[in-house]
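The file coords-v5.cif contains mmCIF, C-alpha atoms and all ligand atoms:
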data_input
loop_
_atom_site.label_atom_id
_atom_site.label_comp_id
_atom_site.auth_asym_id
_atom_site.auth_seq_id
_atom_site.Cartn_x
_atom_site.Cartn_y
_atom_site.Cartn_z
CA MET H 1 38.04 104.33 127.16
CA SER H 2 39.59 106.73 124.69
CA ILE H 3 41.13 109.87 126.17
CA LEU H 4 39.30 111.88 123.57
CA SER H 5 35.85 110.42 123.05
CA ASN H 6 34.18 109.84 126.39
CA GLY H 7 31.12 111.57 124.97
CA HIS H 8 33.02 114.81 124.43
CA LEU H 9 32.66 116.79 121.21
CA TRP H 10 35.72 118.77 120.16
CA LYS H 11 34.47 122.01 118.71
CA TYR H 12 35.65 124.50 116.16
CA THR H 13 33.63 127.45 114.92
CA GLU H 14 34.97 128.07 111.43
CA PHE H 15 37.54 126.59 109.09
CA ILE H 16 38.74 128.37 105.95
CA GLU H 17 41.29 127.86 103.22
CA ASN H 18 43.33 130.84 102.02
CA LYS H 19 42.44 131.55 98.39
CA ASN H 20 45.59 133.67 98.05
CA TYR H 21 47.97 131.02 99.36
CA SER H 22 51.49 131.04 97.99
CA PHE H 23 54.59 130.58 100.15
CA ASN H 24 57.08 133.14 98.92
CA LYS H 25 60.33 132.78 100.88
CA ALA H 26 61.92 135.94 99.46
CA LYS H 27 58.88 138.08 100.29
CA ILE H 28 58.73 136.72 103.84
CA LEU H 29 62.45 137.28 104.45
CA ASN H 30 62.05 140.77 103.08
CA SER H 31 59.69 141.52 105.98
CA LEU H 32 61.94 139.90 108.60
CA SER H 33 65.44 139.38 107.25
CA VAL H 34 67.91 136.55 107.77
CA LYS H 35 70.26 139.09 109.36
CA GLU H 36 67.60 140.19 111.89
CA ILE H 37 66.76 136.57 112.67
CA ASP H 38 70.38 135.50 113.09
CA GLU H 39 71.29 138.52 115.22
CA ALA H 40 68.42 137.77 117.60
CA TYR H 41 69.57 134.18 118.04
CA SER H 42 73.16 135.12 118.65
CA SER H 43 72.18 137.77 121.27
CA ILE H 44 69.51 135.82 123.13
CA SER H 45 71.43 132.55 123.21
CA SER H 46 74.23 134.39 125.02
CA TRP H 47 71.97 135.72 127.82
CA LYS H 48 72.57 134.43 131.33
CA GLY H 49 70.19 131.57 132.09
CA TYR H 50 69.43 130.82 128.43
CA SER H 51 68.71 127.29 127.40
CA PRO H 52 66.41 125.91 124.70
CA THR H 53 62.93 125.01 125.92
CA PRO H 54 61.92 121.33 125.68
CA LEU H 55 60.29 119.81 122.62
CA ILE H 56 57.97 117.16 124.01
CA GLU H 57 56.38 114.36 122.01
CA LEU H 58 52.65 114.01 122.57
CA ASN H 59 53.04 110.31 121.82
CA LYS H 60 49.77 109.17 123.44
CA LEU H 61 47.76 111.77 121.54
CA ALA H 62 49.55 110.91 118.26
CA LYS H 63 48.56 107.26 118.71
CA GLU H 64 44.98 108.22 119.48
CA LEU H 65 44.72 110.46 116.41
CA ASN H 66 46.59 108.01 114.17
CA LEU H 67 49.34 110.50 113.37
CA SER H 68 53.05 109.80 113.17
CA LYS H 69 54.34 112.38 115.66
CA ILE H 70 53.16 115.47 117.51
CA PHE H 71 55.86 117.81 118.78
CA TYR H 72 54.91 120.27 121.51
CA LYS H 73 57.29 123.19 122.05
CA ASP H 74 57.04 123.81 125.79
CA GLU H 75 57.49 127.52 126.41
CA SER H 76 56.46 127.17 130.05
CA LYS H 77 60.18 126.71 130.65
CA ARG H 78 61.28 129.95 128.94
CA PHE H 79 63.65 131.67 131.36
CA ASP H 80 61.61 132.25 134.52
CA LEU H 81 58.84 133.99 132.61
CA LYS H 82 56.94 130.91 131.47
CA SER H 83 56.09 132.09 127.95
CA PHE H 84 57.68 132.63 124.54
CA LYS H 85 57.00 136.34 125.02
CA ALA H 86 60.19 136.41 127.14
CA LEU H 87 62.12 136.29 123.86
CA GLY H 88 60.50 139.32 122.25
CA GLY H 89 60.03 142.30 124.57
CA ALA H 90 63.29 141.80 126.44
CA TYR H 91 65.23 141.57 123.17
CA ALA H 92 63.57 144.73 121.84
CA VAL H 93 64.50 146.56 125.05
CA GLU H 94 68.12 145.53 124.58
CA LYS H 95 68.13 146.59 120.91
CA ILE H 96 66.59 150.02 121.35
CA THR H 97 68.36 151.13 124.50
CA LYS H 98 71.84 149.98 123.39
CA GLY H 99 73.33 150.21 126.86
CA ASN H 100 71.91 153.71 127.63
CA LYS H 101 70.79 153.45 131.26
CA ASP H 102 68.88 156.76 131.27
CA ILE H 103 66.17 155.51 128.96
CA VAL H 104 62.75 154.73 130.45
CA VAL H 105 60.84 152.02 128.59
CA ALA H 106 57.06 151.73 128.47
CA THR H 107 54.55 149.29 127.05
CA ALA H 108 50.88 148.31 127.04
CA THR H 109 50.20 144.64 127.57
CA ALA H 110 47.79 141.81 128.24
CA GLY H 111 50.44 140.39 130.57
CA ASN H 112 53.12 138.23 129.02
CA HIS H 113 54.66 140.83 126.72
CA GLY H 114 54.84 143.34 129.60
CA ARG H 115 56.51 140.79 131.81
CA SER H 116 59.16 140.36 129.13
CA VAL H 117 59.71 144.13 128.82
CA ALA H 118 59.88 144.51 132.62
CA TRP H 119 62.33 141.63 132.87
CA GLY H 120 64.43 143.00 129.99
CA ALA H 121 64.48 146.44 131.65
CA ARG H 122 65.56 144.94 134.98
CA ARG H 123 68.33 142.96 133.26
CA LEU H 124 69.72 146.21 131.92
CA GLY H 125 68.98 148.41 134.98
CA LEU H 126 66.33 150.57 133.26
CA LYS H 127 63.11 152.10 134.58
CA CYS H 128 59.94 150.56 133.18
CA LYS H 129 56.28 151.66 132.97
CA ILE H 130 53.61 149.09 132.17
CA PHE H 131 50.04 149.97 131.13
CA ILE H 132 47.39 147.31 131.62
CA SER H 133 43.66 147.30 130.99
CA GLU H 134 41.18 146.71 133.79
CA PHE H 135 40.70 143.15 132.41
CA VAL H 136 44.27 142.07 133.13
CA SER H 137 44.27 139.96 136.27
CA GLU H 138 45.72 141.12 139.58
CA ALA H 139 48.23 138.24 139.49
CA ARG H 140 49.58 139.31 136.10
CA GLY H 141 49.94 142.91 137.26
CA GLN H 142 51.75 141.80 140.41
CA ALA H 143 54.16 139.65 138.42
CA MET H 144 55.28 142.76 136.55
CA SER H 145 55.55 144.88 139.72
CA ALA H 146 57.69 142.12 141.19
CA LEU H 147 60.11 142.68 138.31
CA GLY H 148 60.48 146.32 139.35
CA ALA H 149 58.10 147.91 136.84
CA GLU H 150 55.55 150.58 137.68
CA VAL H 151 52.20 149.09 136.67
CA ILE H 152 49.47 151.53 135.63
CA LYS H 153 45.89 150.26 135.36
CA VAL H 154 43.73 151.88 132.67
CA LYS H 155 39.92 151.78 132.46
CA GLY H 156 38.70 149.95 129.35
CA ASN H 157 40.27 147.33 127.11
CA TYR H 158 43.78 146.71 125.71
CA GLU H 159 43.36 149.42 123.07
CA LYS H 160 42.62 151.99 125.76
CA SER H 161 45.76 150.94 127.65
CA LEU H 162 47.82 151.36 124.47
CA ILE H 163 46.39 154.83 123.81
CA GLU H 164 47.27 155.86 127.37
CA CYS H 165 50.75 154.36 127.03
CA ILE H 166 51.40 156.35 123.84
CA LYS H 167 50.06 159.56 125.39
CA LYS H 168 52.14 159.33 128.59
CA SER H 169 55.25 158.17 126.72
CA THR H 170 55.05 161.13 124.34
CA GLU H 171 54.62 163.56 127.26
CA ASN H 172 57.51 162.07 129.25
CA ASP H 173 59.88 161.01 126.50
CA TRP H 174 59.69 157.30 127.35
CA GLN H 175 60.59 154.70 124.73
CA ILE H 176 57.62 152.56 123.77
CA VAL H 177 58.43 148.86 123.40
CA GLN H 178 55.31 147.49 121.75
CA ASP H 179 54.82 144.12 120.08
CA VAL H 180 52.17 145.57 117.75
CA ALA H 181 53.21 147.44 114.60
CA TRP H 182 51.37 150.33 112.99
CA LYS H 183 52.26 152.78 110.26
CA ASP H 184 55.45 154.60 111.40
CA TYR H 185 56.05 152.08 114.20
CA MET H 186 57.58 148.96 112.68
CA ILE H 187 61.15 148.66 113.95
CA VAL H 188 60.48 147.71 117.57
CA PRO H 189 57.75 145.14 116.82
CA LYS H 190 60.18 143.61 114.31
CA PHE H 191 62.72 143.18 117.09
CA THR H 192 60.12 141.36 119.19
CA MET H 193 59.37 139.06 116.26
CA ALA H 194 63.06 138.46 115.60
CA GLY H 195 63.28 137.38 119.27
CA TYR H 196 60.43 134.89 118.83
CA THR H 197 62.20 133.22 115.88
CA VAL H 198 64.63 131.72 118.40
CA MET H 199 61.92 129.10 118.99
CA MET H 200 62.15 127.93 115.39
CA LYS H 201 65.96 127.74 115.49
CA GLU H 202 65.75 125.57 118.59
CA ILE H 203 63.11 123.33 117.03
CA VAL H 204 65.28 122.85 113.96
CA ASP H 205 68.15 121.80 116.23
CA GLN H 206 65.86 119.52 118.23
CA ILE H 207 64.32 117.53 115.36
CA LYS H 208 65.20 116.73 111.81
CA THR H 209 63.59 119.75 110.18
CA ASP H 210 62.17 118.02 107.16
CA GLN H 211 60.05 115.88 109.42
CA ILE H 212 57.47 118.60 110.05
CA THR H 213 54.43 118.29 107.77
CA HIS H 214 52.05 120.65 109.59
CA ILE H 215 52.54 123.53 111.97
CA ILE H 216 49.74 125.06 114.01
CA LEU H 217 50.25 128.62 115.18
CA GLN H 218 48.20 130.62 117.67
CA ALA H 219 47.55 134.23 116.73
CA GLY H 220 46.66 137.31 118.69
CA VAL H 221 48.02 140.22 116.69
CA GLY H 222 49.98 137.63 114.68
CA GLY H 223 53.49 138.45 115.94
CA MET H 224 54.28 134.93 117.08
CA ALA H 225 52.74 133.31 113.99
CA GLY H 226 54.53 135.75 111.66
CA ALA H 227 57.84 135.15 113.42
CA MET H 228 57.47 131.39 113.18
CA VAL H 229 56.66 131.62 109.48
CA ALA H 230 59.78 133.75 108.99
CA GLY H 231 61.66 131.07 110.95
CA ILE H 232 60.26 128.42 108.60
CA ALA H 233 61.43 130.47 105.60
CA ARG H 234 64.86 130.90 107.21
CA TYR H 235 65.48 127.36 108.44
CA LEU H 236 63.30 124.76 106.68
CA LYS H 237 63.77 123.24 103.26
CA LYS H 238 60.36 121.61 103.03
CA ILE H 239 57.52 124.00 103.81
CA PRO H 240 54.87 122.48 106.10
CA GLU H 241 51.16 123.24 105.89
CA ILE H 242 50.70 126.34 108.03
CA ILE H 243 47.49 126.62 110.05
CA VAL H 244 46.56 129.61 112.20
CA VAL H 245 44.25 129.16 115.17
CA GLU H 246 42.36 131.98 116.91
CA PRO H 247 39.52 132.52 119.37
CA ASP H 248 36.20 132.79 117.49
CA SER H 249 35.55 136.10 119.25
CA ALA H 250 38.77 137.59 117.89
CA ALA H 251 39.63 135.85 114.62
CA CYS H 252 41.31 138.87 113.07
CA VAL H 253 43.82 136.92 110.96
CA MET H 254 41.05 134.70 109.59
CA GLU H 255 38.82 137.66 108.73
CA SER H 256 41.74 139.48 107.09
CA ILE H 257 42.69 136.44 105.04
CA LYS H 258 39.06 136.10 103.90
CA ALA H 259 38.98 139.76 102.87
CA GLY H 260 42.52 139.81 101.39
CA LYS H 261 43.27 142.89 103.50
CA ILE H 262 43.51 143.82 107.17
CA GLU H 263 40.04 143.68 108.74
CA LYS H 264 39.40 145.07 112.18
CA ILE H 265 37.08 143.16 114.50
CA ASP H 266 35.00 144.54 117.33
CA ILE H 267 35.57 142.16 120.21
CA GLU H 268 32.23 141.71 121.93
CA ARG H 269 33.38 139.10 124.43
CA GLU H 270 36.91 138.67 125.79
CA SER H 271 38.12 135.11 125.18
CA LEU H 272 39.61 132.96 127.90
CA MET H 273 42.61 132.81 125.55
CA GLY H 274 43.50 136.28 126.82
CA GLY H 275 46.78 136.82 124.97
CA MET H 276 45.03 135.97 121.71
CA SER H 277 42.03 138.23 122.22
CA CYS H 278 43.11 140.85 119.68
CA GLY H 279 40.92 142.67 117.16
CA GLU H 280 43.45 143.58 114.51
CA VAL H 281 46.44 141.84 112.96
CA SER H 282 49.65 143.83 113.23
CA LEU H 283 51.26 145.21 110.05
CA VAL H 284 54.56 143.30 109.87
CA PRO H 285 52.99 139.92 110.67
CA TRP H 286 50.26 140.61 108.12
CA GLU H 287 52.82 141.09 105.33
CA ILE H 288 54.19 137.65 106.23
CA LEU H 289 50.96 135.81 106.97
CA GLU H 290 48.65 137.03 104.21
CA ASN H 291 49.90 134.52 101.63
CA SER H 292 51.83 131.95 103.66
CA VAL H 293 49.03 130.75 105.93
CA LYS H 294 47.11 128.03 104.17
CA TYR H 295 44.27 127.44 106.62
CA CYS H 296 42.63 129.24 109.54
CA ILE H 297 40.53 127.76 112.31
CA SER H 298 38.59 129.62 114.97
CA LEU H 299 37.65 128.05 118.29
CA PRO H 300 35.21 128.73 121.11
CA ASP H 301 36.54 128.66 124.67
CA ASP H 302 34.69 125.42 125.46
CA ASP H 303 37.59 122.95 125.32
CA ILE H 304 40.35 125.09 126.81
CA ALA H 305 40.10 123.97 130.45
CA LYS H 306 39.68 120.31 129.50
CA THR H 307 42.74 120.39 127.24
CA MET H 308 44.87 122.10 129.88
CA LYS H 309 43.86 119.37 132.29
CA LEU H 310 44.63 116.55 129.84
CA LEU H 311 48.05 118.05 129.10
CA GLY H 312 48.63 118.49 132.83
CA ASN H 313 47.75 114.93 133.86
CA SER H 314 49.94 113.29 131.17
CA SER H 315 47.01 111.95 129.12
CA PHE H 316 48.73 113.10 125.93
CA SER H 317 52.41 112.48 126.70
CA GLU H 318 54.65 110.56 129.07
CA GLU H 319 55.27 113.65 131.15
CA LYS H 320 52.95 116.20 132.70
CA ILE H 321 52.84 119.51 130.85
CA ILE H 322 51.85 122.80 132.46
CA ALA H 323 49.95 124.51 129.67
CA GLY H 324 48.22 127.87 130.04
CA GLU H 325 45.06 129.11 128.31
CA ASN H 326 46.96 130.23 125.20
CA SER H 327 48.76 126.90 124.85
CA ALA H 328 45.65 124.74 124.62
CA PRO H 329 44.27 126.02 121.27
CA GLY H 330 47.10 124.50 119.19
CA VAL H 331 46.26 121.07 120.56
CA ILE H 332 42.49 121.62 120.28
CA CYS H 333 42.90 122.73 116.67
CA LEU H 334 44.74 119.50 115.92
CA ILE H 335 42.21 117.27 117.67
CA THR H 336 39.19 118.93 116.11
CA SER H 337 40.85 118.77 112.67
CA CYS H 338 41.53 115.06 113.08
CA VAL H 339 38.06 114.14 114.27
CA ASP H 340 36.32 116.14 111.52
CA ASP H 341 36.62 113.99 108.37
CA LYS H 342 36.32 116.96 106.03
CA ILE H 343 39.17 118.89 107.65
CA ARG H 344 41.31 115.80 108.18
CA GLU H 345 41.12 115.07 104.47
CA LYS H 346 41.68 118.68 103.44
CA LEU H 347 44.79 118.98 105.64
CA LYS H 348 45.98 115.54 104.48
CA LEU H 349 46.43 114.44 108.08
CA SER H 350 47.53 110.79 108.13
CA PHE H 351 49.65 108.24 109.97
CA LYS H 352 52.62 109.82 108.15
CA SER H 353 52.00 113.34 109.48
CA ASN H 354 54.38 115.04 111.91
CA ILE H 355 52.76 118.01 113.56
CA LEU H 356 54.32 120.88 115.45
CA VAL H 357 52.22 122.73 118.02
CA ILE H 358 53.37 125.60 120.16
CA GLY H 359 52.81 125.43 123.89
CA CYS H 360 53.34 129.15 124.14
CA GLU H 361 52.89 129.52 127.90
CA GLY H 362 52.75 127.73 131.22
CA ASP H 363 50.85 128.86 134.31
CA THR H 364 51.61 132.53 133.73
CA ASP H 365 48.59 133.25 135.94
CA LYS H 366 48.79 130.57 138.64
CA GLN H 367 45.35 131.27 140.15
CA MET H 368 43.63 131.10 136.78
CA TYR H 369 45.53 127.93 135.91
CA GLN H 370 44.45 126.18 139.10
CA LYS H 371 40.86 127.32 138.66
CA LEU H 372 40.69 126.02 135.09
CA ILE H 373 42.31 122.64 135.63
CA SER H 374 40.13 121.93 138.65
CA GLN H 375 36.90 122.54 136.71
C1 LIG P 1 50.91 133.19 125.72
C2 LIG P 1 50.53 133.86 124.47
N1 LIG P 1 50.33 133.15 123.37
C3 LIG P 1 50.02 133.72 122.20
C4 LIG P 1 49.87 135.04 122.06
C5 LIG P 1 49.56 135.64 120.72
O1 LIG P 1 50.72 136.19 120.17
P1 LIG P 1 50.64 137.38 119.11
O2 LIG P 1 49.88 138.50 119.73
O3 LIG P 1 52.08 137.72 118.83
O4 LIG P 1 49.93 136.85 117.91
C6 LIG P 1 50.06 135.80 123.17
C7 LIG P 1 49.94 137.23 123.11
O5 LIG P 1 50.06 137.93 124.11
C8 LIG P 1 50.40 135.20 124.40
O6 LIG P 1 50.58 135.90 125.53
#

Just give me the structure as structure tokens.
Amino acid sequence: MSILSNGHLWKYTEFIENKNYSFNKAKILNSLSVKEIDEAYSSISSWKGYSPTPLIELNKLAKELNLSKIFYKDESKRFDLKSFKALGGAYAVEKITKGNKDIVVATATAGNHGRSVAWGARRLGLKCKIFISEFVSEARGQAMSALGAEVIKVKGNYEKSLIECIKKSTENDWQIVQDVAWKDYMIVPKFTMAGYTVMMKEIVDQIKTDQITHIILQAGVGGMAGAMVAGIARYLKKIPEIIVVEPDSAACVMESIKAGKIEKIDIERESLMGGMSCGEVSLVPWEILENSVKYCISLPDDDIAKTMKLLGNSSFSEEKIIAGENSAPGVICLITSCVDDKIREKLKLSFKSNILVIGCEGDTDKQMYQKLISQ
């Protein structure tokens, strides 16, 4: 029996093509420069405990979908933090504090970014304040306390926690280390994105770069996707088809691409893909993504647990992969695109295609992970 069929329908909610598509390398590298990208790699690769995360071939899934190769970048092994976010916040802390031990850093977070900031602050012996919304799980909060940060719970959603973080930081002269950019706040989020580009450098070293035909990128506020696109512009000669995947309840990149400008979404239901449940694309990523993303797909939560389980029990690869809620959508996007004839044709997915998906986190919330894979 096929690992995929078994009576299961792989669902997507919406698929769109970007009418304003044009991959402009110079414009992208104007938003995040080669110098910024290279500096991040040279700093981060010299950190204690650094080593590239594995690039795993989903060979069983590739066979099933009649594709040449599927590469899965496994960020569950990123330092001890289990997500790519470890590269961003911690690097931004290092850049803005420049060895000054008296600085207090603060951030608002859904979990993984805050863990990176807390870890980066501990590395450098700095005090750290983390603001989380009431929807962030107890386990995620505890993980940040365990890194020495003071964790402050705020009533309401992520936006409310950010407002409180800005208010308290202004009153107390704390340095905000946010991964989201807004007008007048672009430098720090750029550092976080520069940190994320390390993933692309590693991938380029791990495979022959010109092999990649398609890359699927998860988006919350778009920082990771924007950074990876900048990494593509920096390192790749042949530009792959770039596909962004988002929860259908928070498809802010898709809606912005449709409108040709940043569109804010009211999130009515928080997605299981917690790190991606964001209502507005951030400014720097938007400059990069608006023309370079060719397709967007939005997904319901339905297939998340099943996909995590299939990755975890080695149905897709030779080895077992610990993939969190935000890792599954890249794989789901690929499966649903392959089984839908219209999308498969549009994306020119064939036995010659080599796909890159980003496994952006492991079991960053152990309890949640166990609950989902045992469903
Ligand atoms: C594990 C994980 N994946 C993906 C994302 C989305 O990244 P971004 O908000 O940079 O688009 C997040 C955001 O927190 C995340 O934690």

> Hey, which residues come within 9 Å of ligand LIG 1 (chain P) if we count only C-alpha atoms and all ligand atoms? Could you give them as an MDAnalysis selection string?
Replying inline: chainID H and resid 75 82:85 109:113 179:180 192:193 196 217:227 246 273:278 281:282 285 324:327 358:362 364

>> List the spatial neighbours of H:Phe15 as a VMD selection string - criterion: any atom at most 12 Å away, all atoms listed in the file, same-chain residues fewer than 6 positions off excluded.
In response: chain H and resid 243 to 246 248 251 254 to 255 257 to 258 294 to 299 333 336 to 337 340 342 to 344 346 to 347

Taking all listed atoms of stretch 269-278 of chain H, build the axis-aligned box, pad each of the six sides by 5 Å, then write its centre and edge lengths in Å to one decimal as JSON.
{"center_x": 40.1, "center_y": 136.8, "center_z": 123.8, "size_x": 23.4, "size_y": 18.0, "size_z": 18.2}

>> Taking all atoms listed in the file into account, name the residue in H:Glu202, H:Glu241, H:Glu94, H:Asp80 that is nearest to H:Val293.
In response: H:Glu241

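Considering all atoms listed in the file, the residue among H:Ile304, H:Ile37, H:Leu310, H:Leu356 positioned nearest to H:Trp10 is H:Ile304.
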
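Counting from atom CA of H:Glu17, the distance to atom CA of H:Gly330 is 17.3 Å.
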
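Omitting H:Glu134 and its sequence neighbours fewer than 4 positions away, and counting all atoms listed in the file, the residues within 8 Å are Lys153, Val154, Lys155, Gly156 and Asn157 of chain H.
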
>> Could you check the closest approach to H:Arg140 for each of H:Lys366, H:Lys77, H:Lys371, H:Lys95 and tell me which residue wins, using all atoms listed in the file?
In response: H:Lys366

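Here atom CA of H:Leu81 stands at a distance of 8.4 Å from atom CA of H:Trp119.
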
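From atom CA of H:Ala90 back to atom CA of H:Val117, the distance works out to 4.9 Å.
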
>> I'd like the neighbourhood of H:Ala118 as a count of residues only, where a residue qualifies if any of its atoms comes within 12 Å (using all atoms listed in the file), though same-chain residues fewer than 5 positions away should be ignored.
In response: 40

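Near (55.3, 141.2, 102.3), the residues that fall inside 6 Å on the basis of only C-alpha atoms are H:Lys27, H:Ile28, H:Ser31, H:Glu287, H:Ile288.
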
What does the file look like for those residues with C-alpha atoms, as a CSV table (one decimal), keeping the file's coordinate frame?
chain,number,residue,atom,x,y,z
H,27,LYS,CA,58.9,138.1,100.3
H,28,ILE,CA,58.7,136.7,103.8
H,31,SER,CA,59.7,141.5,106.0
H,287,GLU,CA,52.8,141.1,105.3
H,288,ILE,CA,54.2,137.6,106.2

> Restricting the calculation to all atoms listed in the file, which member of H:Lys190, H:Ile103, H:Thr197, H:Pro300 is positioned closest to H:Ser169?
Replying inline: H:Ile103

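Considering all atoms listed in the file, the residue among H:Leu349, H:Lys264, H:Asp173, H:Ile207 positioned nearest to H:Tyr72 is H:Ile207.
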
> So which one's closest to H:Ser2, H:Ser315, H:Gly49, H:Glu57, H:Tyr369? Using only C-alpha atoms, please.
Replying inline: H:Ser315

Each residue of stretch 289-353 of chain H with at least one atom at most 9 Å from stretch 59-71 of chain H should appear once, together with its nearest atom pair and the corresponding distance in Å (one decimal); atoms considered: all atoms listed in the file; ordering: chain, then increasing residue number; output as JSON lines.
{"residue": "H:Ser314", "atom": "CA", "partner": "H:Lys60", "partner_atom": "CA", "distance": 8.8}
{"residue": "H:Ser315", "atom": "CA", "partner": "H:Lys60", "partner_atom": "CA", "distance": 6.9}
{"residue": "H:Phe316", "atom": "CA", "partner": "H:Leu61", "partner_atom": "CA", "distance": 4.7}
{"residue": "H:Ser317", "atom": "CA", "partner": "H:Lys60", "partner_atom": "CA", "distance": 5.3}
{"residue": "H:Glu318", "atom": "CA", "partner": "H:Asn59", "partner_atom": "CA", "distance": 7.4}
{"residue": "H:Ile335", "atom": "CA", "partner": "H:Leu65", "partner_atom": "CA", "distance": 7.4}
{"residue": "H:Cys338", "atom": "CA", "partner": "H:Leu65", "partner_atom": "CA", "distance": 6.5}
{"residue": "H:Val339", "atom": "CA", "partner": "H:Leu65", "partner_atom": "CA", "distance": 7.9}
{"residue": "H:Leu349", "atom": "CA", "partner": "H:Leu67", "partner_atom": "CA", "distance": 7.2}
{"residue": "H:Ser350", "atom": "CA", "partner": "H:Leu67", "partner_atom": "CA", "distance": 5.6}
{"residue": "H:Phe351", "atom": "CA", "partner": "H:Leu67", "partner_atom": "CA", "distance": 4.1}
{"residue": "H:Lys352", "atom": "CA", "partner": "H:Ser68", "partner_atom": "CA", "distance": 5.0}
{"residue": "H:Ser353", "atom": "CA", "partner": "H:Ser68", "partner_atom": "CA", "distance": 5.2}

> Which polymer residues have any atom within 12 Å of an atom of H:Val204, counting all atoms listed in the file, with same-chain residues fewer than 2 positions away left out, as a ChimeraX atom specification?
Replying inline: /H:52,55,71,73,197-202,206-212,228,231-237,356
